[in-house]
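Raw contents of structure-v5.tsv, TSV, C-alpha atoms:
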chain	number	residue	atom	x	y	z
F	1	MET	CA	-148.39	-82.87	1.27
F	2	ASN	CA	-151.55	-81.12	0.21
F	3	ASP	CA	-154.24	-82.79	2.27
F	4	TRP	CA	-154.90	-81.02	5.59
F	5	ASP	CA	-157.24	-83.76	6.76
F	6	ASP	CA	-154.41	-86.31	6.51
F	7	LEU	CA	-152.13	-83.95	8.40
F	8	ARG	CA	-154.70	-83.73	11.20
F	9	PHE	CA	-154.47	-87.48	11.69
F	10	PHE	CA	-150.67	-87.38	11.48
F	11	LEU	CA	-150.42	-84.64	14.14
F	12	ALA	CA	-152.86	-86.41	16.45
F	13	VAL	CA	-150.80	-89.63	16.42
F	14	ALA	CA	-147.54	-87.69	16.74
F	15	ARG	CA	-148.85	-85.84	19.80
F	16	GLU	CA	-150.60	-88.70	21.52
F	17	GLY	CA	-148.17	-91.50	20.69
F	18	SER	CA	-150.86	-94.09	20.01
F	19	ILE	CA	-153.70	-94.79	17.62
F	20	SER	CA	-156.31	-95.17	20.37
F	21	ALA	CA	-155.39	-91.87	22.06
F	22	ALA	CA	-155.39	-90.07	18.70
F	23	ALA	CA	-158.81	-91.54	17.92
F	24	ALA	CA	-160.18	-90.24	21.24
F	25	LEU	CA	-158.70	-86.80	20.53
F	26	LEU	CA	-160.23	-86.64	17.06
F	27	GLY	CA	-163.55	-88.20	18.04
F	28	VAL	CA	-163.30	-91.09	15.58
F	29	ASN	CA	-162.78	-94.82	15.94
F	30	HIS	CA	-159.45	-96.65	16.15
F	31	SER	CA	-159.68	-98.21	12.70
F	32	THR	CA	-160.25	-94.85	11.01
F	33	VAL	CA	-157.02	-93.41	12.38
F	34	SER	CA	-155.06	-96.55	11.51
F	35	ARG	CA	-156.46	-96.57	7.97
F	36	ARG	CA	-155.69	-92.88	7.42
F	37	ILE	CA	-152.11	-93.17	8.65
F	38	ASN	CA	-151.45	-96.30	6.58
F	39	GLY	CA	-152.97	-94.65	3.51
F	40	TYR	CA	-150.93	-91.49	3.98
F	41	GLU	CA	-147.70	-93.45	4.29
F	42	LYS	CA	-148.53	-95.47	1.18
F	43	LYS	CA	-149.48	-92.35	-0.76
F	44	HIS	CA	-146.09	-90.72	-0.17
F	45	GLY	CA	-143.96	-93.83	-0.01
F	46	VAL	CA	-142.59	-93.15	3.47
F	47	ARG	CA	-142.88	-94.66	6.92
F	48	LEU	CA	-143.95	-92.00	9.40
F	49	PHE	CA	-144.16	-94.06	12.58
F	50	GLU	CA	-142.36	-96.98	14.13
F	51	ARG	CA	-144.94	-99.35	15.65
F	52	LEU	CA	-143.50	-100.17	19.07
F	53	HIS	CA	-144.98	-101.99	22.07
F	54	SER	CA	-144.82	-98.69	23.96
F	55	GLY	CA	-146.65	-96.79	21.22
F	56	TYR	CA	-146.07	-94.99	17.95
F	57	ALA	CA	-142.71	-93.19	17.59
F	58	MET	CA	-142.02	-90.72	14.79
F	59	THR	CA	-139.45	-91.69	12.18
F	60	GLN	CA	-136.96	-89.20	10.74
F	61	ALA	CA	-139.37	-88.56	7.86
F	62	ALA	CA	-142.06	-87.62	10.37
F	63	GLU	CA	-139.65	-85.40	12.30
F	64	ASN	CA	-138.83	-83.61	9.04
F	65	ILE	CA	-142.44	-82.63	8.36
F	66	TYR	CA	-143.69	-82.15	11.92
F	67	GLN	CA	-142.99	-78.40	12.18
F	68	HIS	CA	-144.42	-77.80	8.70
F	69	ALA	CA	-147.60	-79.62	9.75
F	70	LEU	CA	-147.83	-77.48	12.88
F	71	HIS	CA	-147.59	-74.29	10.79
F	72	ILE	CA	-150.32	-75.50	8.46
F	73	GLU	CA	-152.51	-76.34	11.45
F	74	GLN	CA	-151.99	-72.87	12.94
F	75	HIS	CA	-152.82	-71.13	9.66
F	76	THR	CA	-155.90	-73.30	9.15
F	77	GLN	CA	-157.14	-72.54	12.65
F	78	SER	CA	-156.53	-68.84	12.12
F	79	VAL	CA	-158.62	-68.88	8.92
F	80	GLU	CA	-161.44	-70.69	10.73
F	81	ARG	CA	-161.37	-68.20	13.63
F	82	ASP	CA	-161.38	-65.23	11.24
F	83	LEU	CA	-164.44	-66.57	9.45
F	84	PHE	CA	-166.21	-67.46	12.69
F	85	GLY	CA	-165.20	-64.15	14.27
F	86	VAL	CA	-167.27	-62.05	11.86
F	87	ASP	CA	-170.38	-64.23	12.09
F	88	ASN	CA	-173.20	-61.90	13.16
F	89	ARG	CA	-175.91	-64.56	13.26
F	90	LEU	CA	-177.54	-65.57	16.52
F	91	GLN	CA	-177.72	-69.12	15.29
F	92	GLY	CA	-175.50	-72.14	14.78
F	93	LYS	CA	-173.35	-74.37	16.97
F	94	LEU	CA	-171.79	-73.03	20.17
F	95	CYS	CA	-169.60	-75.22	22.39
F	96	ILE	CA	-169.06	-74.47	26.08
F	97	THR	CA	-166.43	-76.36	28.07
F	98	ALA	CA	-166.74	-76.57	31.86
F	99	TYR	CA	-166.17	-78.80	34.85
F	100	HIS	CA	-168.85	-81.38	35.60
F	101	SER	CA	-169.78	-79.66	38.87
F	102	THR	CA	-170.01	-76.24	37.20
F	103	ALA	CA	-172.30	-77.61	34.52
F	104	LYS	CA	-174.47	-79.51	36.99
F	105	HIS	CA	-175.03	-76.70	39.48
F	106	PHE	CA	-174.82	-73.55	37.36
F	107	LEU	CA	-175.34	-74.26	33.67
F	108	LEU	CA	-178.03	-76.91	33.39
F	109	PRO	CA	-180.55	-75.12	35.67
F	110	TYR	CA	-180.29	-71.94	33.56
F	111	LEU	CA	-179.82	-73.23	30.01
F	112	PRO	CA	-183.61	-73.34	29.42
F	113	GLU	CA	-183.65	-69.55	29.81
F	114	PHE	CA	-180.78	-69.17	27.34
F	115	ASN	CA	-182.57	-71.48	24.90
F	116	ARG	CA	-185.72	-69.41	25.26
F	117	ARG	CA	-183.86	-66.20	24.44
F	118	TYR	CA	-181.81	-67.67	21.58
F	119	PRO	CA	-183.70	-70.68	20.16
F	120	ASP	CA	-181.52	-70.91	17.04
F	121	ILE	CA	-178.22	-71.30	18.91
F	122	ASP	CA	-177.29	-74.98	19.14
F	123	VAL	CA	-175.48	-75.32	22.49
F	124	GLU	CA	-173.02	-78.14	23.15
F	125	LEU	CA	-171.44	-78.86	26.55
F	126	PHE	CA	-167.92	-80.28	26.64
F	127	ILE	CA	-167.58	-81.59	30.19
F	128	THR	CA	-163.95	-82.21	31.14
F	129	THR	CA	-161.35	-81.44	33.78
F	130	ALA	CA	-158.79	-80.83	31.02
F	131	VAL	CA	-158.32	-77.39	29.48
F	132	ARG	CA	-159.64	-77.54	25.93
F	133	ASP	CA	-157.74	-75.77	23.14
F	134	LEU	CA	-159.82	-72.72	22.24
F	135	ALA	CA	-157.31	-71.79	19.53
F	136	ALA	CA	-158.16	-75.06	17.78
F	137	ARG	CA	-161.91	-74.40	18.23
F	138	GLU	CA	-162.30	-77.47	20.48
F	139	ALA	CA	-164.67	-75.16	22.34
F	140	ASP	CA	-165.85	-71.58	21.90
F	141	ILE	CA	-166.28	-70.57	25.54
F	142	ALA	CA	-164.52	-71.95	28.60
F	143	ILE	CA	-165.62	-71.67	32.23
F	144	ARG	CA	-162.44	-72.41	34.12
F	145	GLY	CA	-160.63	-71.92	37.37
F	146	THR	CA	-157.13	-70.54	36.82
F	147	LEU	CA	-154.48	-68.29	38.33
F	148	LYS	CA	-154.02	-66.43	35.06
F	149	PRO	CA	-155.48	-67.31	31.66
F	150	PRO	CA	-153.23	-67.55	28.58
F	151	ASP	CA	-152.56	-64.28	26.76
F	152	TYR	CA	-154.47	-65.35	23.63
F	153	LEU	CA	-157.70	-65.71	25.64
F	154	VAL	CA	-159.87	-62.84	26.78
F	155	GLY	CA	-162.56	-62.89	29.40
F	156	LYS	CA	-163.59	-61.89	32.85
F	157	LYS	CA	-162.83	-63.19	36.30
F	158	VAL	CA	-166.24	-63.43	37.92
F	159	ALA	CA	-165.14	-64.52	41.41
F	160	GLU	CA	-162.21	-65.48	43.62
F	161	PHE	CA	-162.29	-69.10	44.75
F	162	GLN	CA	-162.44	-69.43	48.53
F	163	HIS	CA	-161.51	-72.59	50.42
F	164	GLY	CA	-162.34	-73.68	53.94
F	165	LEU	CA	-161.77	-76.53	56.34
F	166	TYR	CA	-164.90	-78.71	56.46
F	167	THR	CA	-166.30	-81.37	58.76
F	168	SER	CA	-169.71	-82.95	59.36
F	169	ARG	CA	-172.04	-83.90	62.19
F	170	ALA	CA	-171.25	-87.55	61.52
F	171	TYR	CA	-167.54	-86.87	62.02
F	172	GLN	CA	-168.10	-84.82	65.18
F	173	GLN	CA	-170.20	-87.62	66.68
F	174	ARG	CA	-167.19	-89.94	66.51
F	175	GLU	CA	-165.51	-87.84	69.26
F	176	LEU	CA	-162.00	-88.80	68.18
F	177	THR	CA	-159.00	-88.05	70.37
F	178	ARG	CA	-156.98	-87.25	67.23
F	179	HIS	CA	-158.28	-85.97	63.92
F	180	ASP	CA	-158.78	-87.99	60.75
F	181	VAL	CA	-158.22	-86.10	57.50
F	182	VAL	CA	-159.00	-86.68	53.84
F	183	LEU	CA	-156.25	-85.59	51.43
F	184	TRP	CA	-155.49	-85.57	47.73
F	185	ARG	CA	-153.85	-88.72	46.45
F	186	ASP	CA	-150.91	-86.82	44.96
F	187	ASP	CA	-150.15	-84.71	48.05
F	188	PRO	CA	-146.46	-85.56	48.64
F	189	SER	CA	-146.61	-84.55	52.30
F	190	LEU	CA	-149.05	-83.22	54.85
F	191	PRO	CA	-150.41	-79.89	53.60
F	192	GLU	CA	-150.05	-76.68	55.57
F	193	TRP	CA	-153.59	-76.73	56.96
F	194	VAL	CA	-153.03	-80.13	58.58
F	195	SER	CA	-149.75	-79.17	60.26
F	196	THR	CA	-151.28	-75.90	61.48
F	197	HIS	CA	-154.70	-77.01	62.71
F	198	CYS	CA	-154.36	-80.74	63.47
F	199	PRO	CA	-150.66	-81.72	63.48
F	200	ASP	CA	-151.30	-85.13	65.06
F	201	ALA	CA	-153.88	-86.10	62.44
F	202	ARG	CA	-154.13	-89.51	60.82
F	203	VAL	CA	-154.66	-89.69	57.06
F	204	ALA	CA	-157.92	-91.65	56.82
F	205	LEU	CA	-158.29	-91.50	53.04
F	206	ARG	CA	-156.64	-90.15	49.90
F	207	VAL	CA	-158.74	-89.38	46.82
F	208	ASP	CA	-158.31	-87.90	43.33
F	209	ASP	CA	-161.73	-86.35	42.85
F	210	VAL	CA	-163.39	-83.45	44.68
F	211	ALA	CA	-166.85	-85.06	44.65
F	212	THR	CA	-165.40	-88.12	46.39
F	213	MET	CA	-163.65	-85.90	48.92
F	214	ILE	CA	-166.92	-84.16	49.75
F	215	GLY	CA	-168.66	-87.52	50.03
F	216	ALA	CA	-165.99	-88.72	52.45
F	217	VAL	CA	-166.54	-85.66	54.64
F	218	GLN	CA	-170.31	-86.20	54.53
F	219	GLN	CA	-169.86	-89.80	55.71
F	220	GLY	CA	-167.72	-88.69	58.64
F	221	ILE	CA	-164.52	-90.29	57.35
F	222	GLY	CA	-162.49	-87.18	58.03
F	223	MET	CA	-162.05	-83.44	57.69
F	224	ALA	CA	-160.88	-81.86	54.43
F	225	ARG	CA	-159.96	-78.56	52.80
F	226	LEU	CA	-162.67	-77.94	50.20
F	227	PRO	CA	-163.75	-75.24	47.75
F	228	CYS	CA	-166.59	-73.35	49.42
F	229	TRP	CA	-168.75	-73.21	46.31
F	230	LEU	CA	-169.04	-77.00	46.28
F	231	ALA	CA	-168.98	-77.79	49.98
F	232	ASP	CA	-171.58	-75.17	50.89
F	233	LEU	CA	-174.10	-76.77	48.54
F	234	GLN	CA	-174.13	-79.89	50.75
F	235	PRO	CA	-176.36	-79.60	53.84
F	236	GLU	CA	-174.43	-82.25	55.80
F	237	VAL	CA	-171.11	-80.42	55.46
F	238	LEU	CA	-170.11	-77.67	57.90
F	239	ARG	CA	-167.24	-75.21	57.80
F	240	LEU	CA	-164.86	-74.67	60.70
F	241	THR	CA	-164.06	-71.12	61.82
F	242	VAL	CA	-160.38	-71.34	60.93
F	243	ASP	CA	-158.36	-69.75	58.15
F	244	VAL	CA	-156.73	-72.04	55.58
F	245	GLU	CA	-154.35	-71.28	52.75
F	246	GLN	CA	-156.10	-70.02	49.62
F	247	SER	CA	-155.27	-71.12	46.10
F	248	GLY	CA	-155.31	-67.68	44.51
F	249	TRP	CA	-157.36	-69.08	41.64
F	250	GLY	CA	-160.34	-67.29	40.19
F	251	LEU	CA	-163.36	-68.40	38.17
F	252	TRP	CA	-163.12	-67.09	34.60
F	253	VAL	CA	-165.35	-67.00	31.54
F	254	LEU	CA	-162.93	-67.15	28.59
F	255	ILE	CA	-163.03	-66.94	24.81
F	256	HIS	CA	-160.36	-66.70	22.13
F	257	ALA	CA	-159.53	-63.08	21.26
F	258	ASP	CA	-160.50	-63.66	17.61
F	259	LEU	CA	-164.09	-64.55	18.60
F	260	ARG	CA	-164.98	-61.33	20.44
F	261	SER	CA	-167.17	-60.13	17.58
F	262	THR	CA	-168.98	-63.41	16.95
F	263	ALA	CA	-172.58	-62.68	17.86
F	264	ARG	CA	-173.55	-66.00	19.42
F	265	VAL	CA	-170.29	-66.18	21.40
F	266	ARG	CA	-170.78	-62.64	22.68
F	267	VAL	CA	-174.36	-63.12	23.89
F	268	CYS	CA	-173.53	-66.45	25.55
F	269	ARG	CA	-170.43	-65.00	27.22
F	270	ASP	CA	-172.48	-62.14	28.67
F	271	PHE	CA	-175.21	-64.54	29.80
F	272	LEU	CA	-172.68	-66.74	31.61
F	273	ILE	CA	-170.93	-63.81	33.26
F	274	ASP	CA	-174.23	-62.45	34.62
F	275	LEU	CA	-175.26	-65.92	35.77
F	276	LEU	CA	-172.03	-66.69	37.62
F	277	GLU	CA	-171.76	-63.23	39.15
F	278	ASP	CA	-175.19	-63.81	40.71
F	279	HIS	CA	-173.53	-66.66	42.65
F	280	LYS	CA	-170.41	-64.72	43.62
F	281	ASP	CA	-171.13	-65.00	47.35
F	282	LEU	CA	-171.16	-68.78	47.04
F	283	PHE	CA	-167.84	-68.93	45.18
F	284	GLU	CA	-166.23	-66.57	47.66
F	285	GLY	CA	-167.39	-68.43	50.76
F	286	ARG	CA	-169.98	-66.02	52.11
F	287	GLN	CA	-172.76	-68.61	52.28
F	288	SER	CA	-171.01	-71.11	54.54
F	289	ARG	CA	-172.75	-72.80	57.47
F	290	TYR	CA	-170.32	-72.98	60.38
F	291	LEU	CA	-170.00	-75.60	63.05
Just dump the structure as structure tokens.
Amino acid sequence: MNDWDDLRFFLAVAREGSISAAAALLGVNHSTVSRRINGYEKKHGVRLFERLHSGYAMTQAAENIYQHALHIEQHTQSVERDLFGVDNRLQGKLCITAYHSTAKHFLLPYLPEFNRRYPDIDVELFITTAVRDLAAREADIAIRGTLKPPDYLVGKKVAEFQHGLYTSRAYQQRELTRHDVVLWRDDPSLPEWVSTHCPDARVALRVDDVATMIGAVQQGIGMARLPCWLADLQPEVLRLTVDVEQSGWGLWVLIHADLRSTARVRVCRDFLIDLLEDHKDLFEGRQSRYL
């Protein structure tokens, strides 16, 4: 086994359990992954995966090499980070991963200024709710909400996330005798804020997306517990003067420890920290409009 590129395809299928999921992870098409796996098996005269209706399952041969492949991956990533970490050029590709709402409201309006300052840095945005693997260089900088970042990442917490209980004029005009609430789809039971502030409430809607939850509040469907930094950007949404349980999460700008000396990572990190700290009052709920 001397071809790291083949091992990348092997590890992707082993982790994801299907060709299509591995293709999405690697950013290639389905047929490419299938061709590479088939070619690798033929090259070494082994069968690495059982093709089942439920997905791809590793054979004993695959189990035997899996840990070795992981070690090779880790060493390869370490070499790449070491080389990237001493790059003193203010030019080249730089990937930032962030939530859609963070990118929309806080990155896109200010990226023209960053581009003006550093015209030779080629910025990419990786918009996802999933945490990208900075160790694998899936991204160089992450803007993420978290309780505590992993030990291998370094960065700065720029704000504490504040949550509030929100309603709207449209909801208030309904003059209900009992409250309607909007909850997360995976809430197993009524959350603490409902039992404390409106114990007789009816669940009007369950959602799995914060933008949809805000939209439901705007339309008067019900009240909801929302992050202040998103709710307070909407003029139709108003905060109630009640205390609700806080998540304890903070907003962080994070990089891998090995990239602290990379020039373009450093200047972008500092730019993002300054930018987000300018909006600290919004993240921490000090710009709310109350009912």
Between CA of Thr196 (chain F) and CA of His179 (chain F), what is the distance in Å, rounded to a tenth? 12.5 Å
With distances taken over only C-alpha atoms, which of F:Arg169, F:Cys228, F:Asp278, F:Arg264 is nearest to Arg117 (chain F)? F:Arg264
Could you check which of F:Tyr99, F:Pro119, F:Leu254, F:Ala216 is closest to Pro150 (chain F), using all atoms listed in the file?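 Comparing F:Tyr99, F:Pro119, F:Leu254, F:Ala216 against Pro150 (chain F), the winner is F:Leu254.
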Pick from F:Arg266, F:Lys93, F:Arg286, F:His105: nearest to Glu124 (chain F), with all atoms listed in the file counted?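 Once distances to Glu124 (chain F) are computed over all atoms listed in the file, the minimum belongs to F:Lys93.
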Point-to-point distance in Å for CA of Ser18 (chain F) and CA of Thr32 (chain F): 13.0 Å
For Cys198 (chain F), find every residue with an atom within 8 Å (counting only C-alpha atoms), except residues of its own chain fewer than 3 positions away, and show them as number ranges by chain. F: 178-179, 193-195, 201
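Atom pair CA of His163 (chain F) / CA of Ala142 (chain F) has a distance of 22.0 Å (rounded to one decimal).
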As a PDB file, in the frame of the given file, could you write out region 171-185 of chain F once it has been completed with N, CA and C atoms?
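File produced: rebuild-v5.pdb:
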ATOM      1  N   TYR F 171    -168.939 -86.821  61.557  1.00  0.00           N
ATOM      2  CA  TYR F 171    -167.540 -86.870  62.020  1.00  0.00           C
ATOM      3  C   TYR F 171    -167.453 -86.421  63.482  1.00  0.00           C
ATOM      4  N   GLN F 172    -168.155 -85.350  63.818  1.00  0.00           N
ATOM      5  CA  GLN F 172    -168.100 -84.820  65.180  1.00  0.00           C
ATOM      6  C   GLN F 172    -168.639 -85.841  66.188  1.00  0.00           C
ATOM      7  N   GLN F 173    -169.612 -86.623  65.780  1.00  0.00           N
ATOM      8  CA  GLN F 173    -170.200 -87.620  66.680  1.00  0.00           C
ATOM      9  C   GLN F 173    -169.231 -88.752  67.009  1.00  0.00           C
ATOM     10  N   ARG F 174    -168.168 -88.889  66.234  1.00  0.00           N
ATOM     11  CA  ARG F 174    -167.190 -89.940  66.510  1.00  0.00           C
ATOM     12  C   ARG F 174    -166.326 -89.600  67.730  1.00  0.00           C
ATOM     13  N   GLU F 175    -166.232 -88.312  68.075  1.00  0.00           N
ATOM     14  CA  GLU F 175    -165.510 -87.840  69.260  1.00  0.00           C
ATOM     15  C   GLU F 175    -164.096 -88.441  69.330  1.00  0.00           C
ATOM     16  N   LEU F 176    -163.350 -88.260  68.261  1.00  0.00           N
ATOM     17  CA  LEU F 176    -162.000 -88.800  68.180  1.00  0.00           C
ATOM     18  C   LEU F 176    -161.036 -88.033  69.074  1.00  0.00           C
ATOM     19  N   THR F 177    -160.033 -88.714  69.566  1.00  0.00           N
ATOM     20  CA  THR F 177    -159.000 -88.050  70.370  1.00  0.00           C
ATOM     21  C   THR F 177    -157.933 -87.417  69.475  1.00  0.00           C
ATOM     22  N   ARG F 178    -157.845 -87.872  68.232  1.00  0.00           N
ATOM     23  CA  ARG F 178    -156.980 -87.250  67.230  1.00  0.00           C
ATOM     24  C   ARG F 178    -157.743 -87.202  65.920  1.00  0.00           C
ATOM     25  N   HIS F 179    -157.484 -86.194  65.126  1.00  0.00           N
ATOM     26  CA  HIS F 179    -158.280 -85.970  63.920  1.00  0.00           C
ATOM     27  C   HIS F 179    -157.931 -86.949  62.802  1.00  0.00           C
ATOM     28  N   ASP F 180    -158.954 -87.302  62.023  1.00  0.00           N
ATOM     29  CA  ASP F 180    -158.780 -87.990  60.750  1.00  0.00           C
ATOM     30  C   ASP F 180    -158.957 -86.955  59.636  1.00  0.00           C
ATOM     31  N   VAL F 181    -158.129 -87.057  58.603  1.00  0.00           N
ATOM     32  CA  VAL F 181    -158.220 -86.100  57.500  1.00  0.00           C
ATOM     33  C   VAL F 181    -158.302 -86.844  56.173  1.00  0.00           C
ATOM     34  N   VAL F 182    -158.905 -86.175  55.206  1.00  0.00           N
ATOM     35  CA  VAL F 182    -159.000 -86.680  53.840  1.00  0.00           C
ATOM     36  C   VAL F 182    -158.162 -85.774  52.952  1.00  0.00           C
ATOM     37  N   LEU F 183    -157.195 -86.362  52.232  1.00  0.00           N
ATOM     38  CA  LEU F 183    -156.250 -85.590  51.430  1.00  0.00           C
ATOM     39  C   LEU F 183    -156.310 -86.009  49.969  1.00  0.00           C
ATOM     40  N   TRP F 184    -155.646 -85.208  49.131  1.00  0.00           N
ATOM     41  CA  TRP F 184    -155.490 -85.570  47.730  1.00  0.00           C
ATOM     42  C   TRP F 184    -154.475 -86.693  47.593  1.00  0.00           C
ATOM     43  N   ARG F 185    -154.711 -87.560  46.635  1.00  0.00           N
ATOM     44  CA  ARG F 185    -153.850 -88.720  46.450  1.00  0.00           C
ATOM     45  C   ARG F 185    -152.417 -88.323  46.106  1.00  0.00           C
TER      46      ARG F 185
END
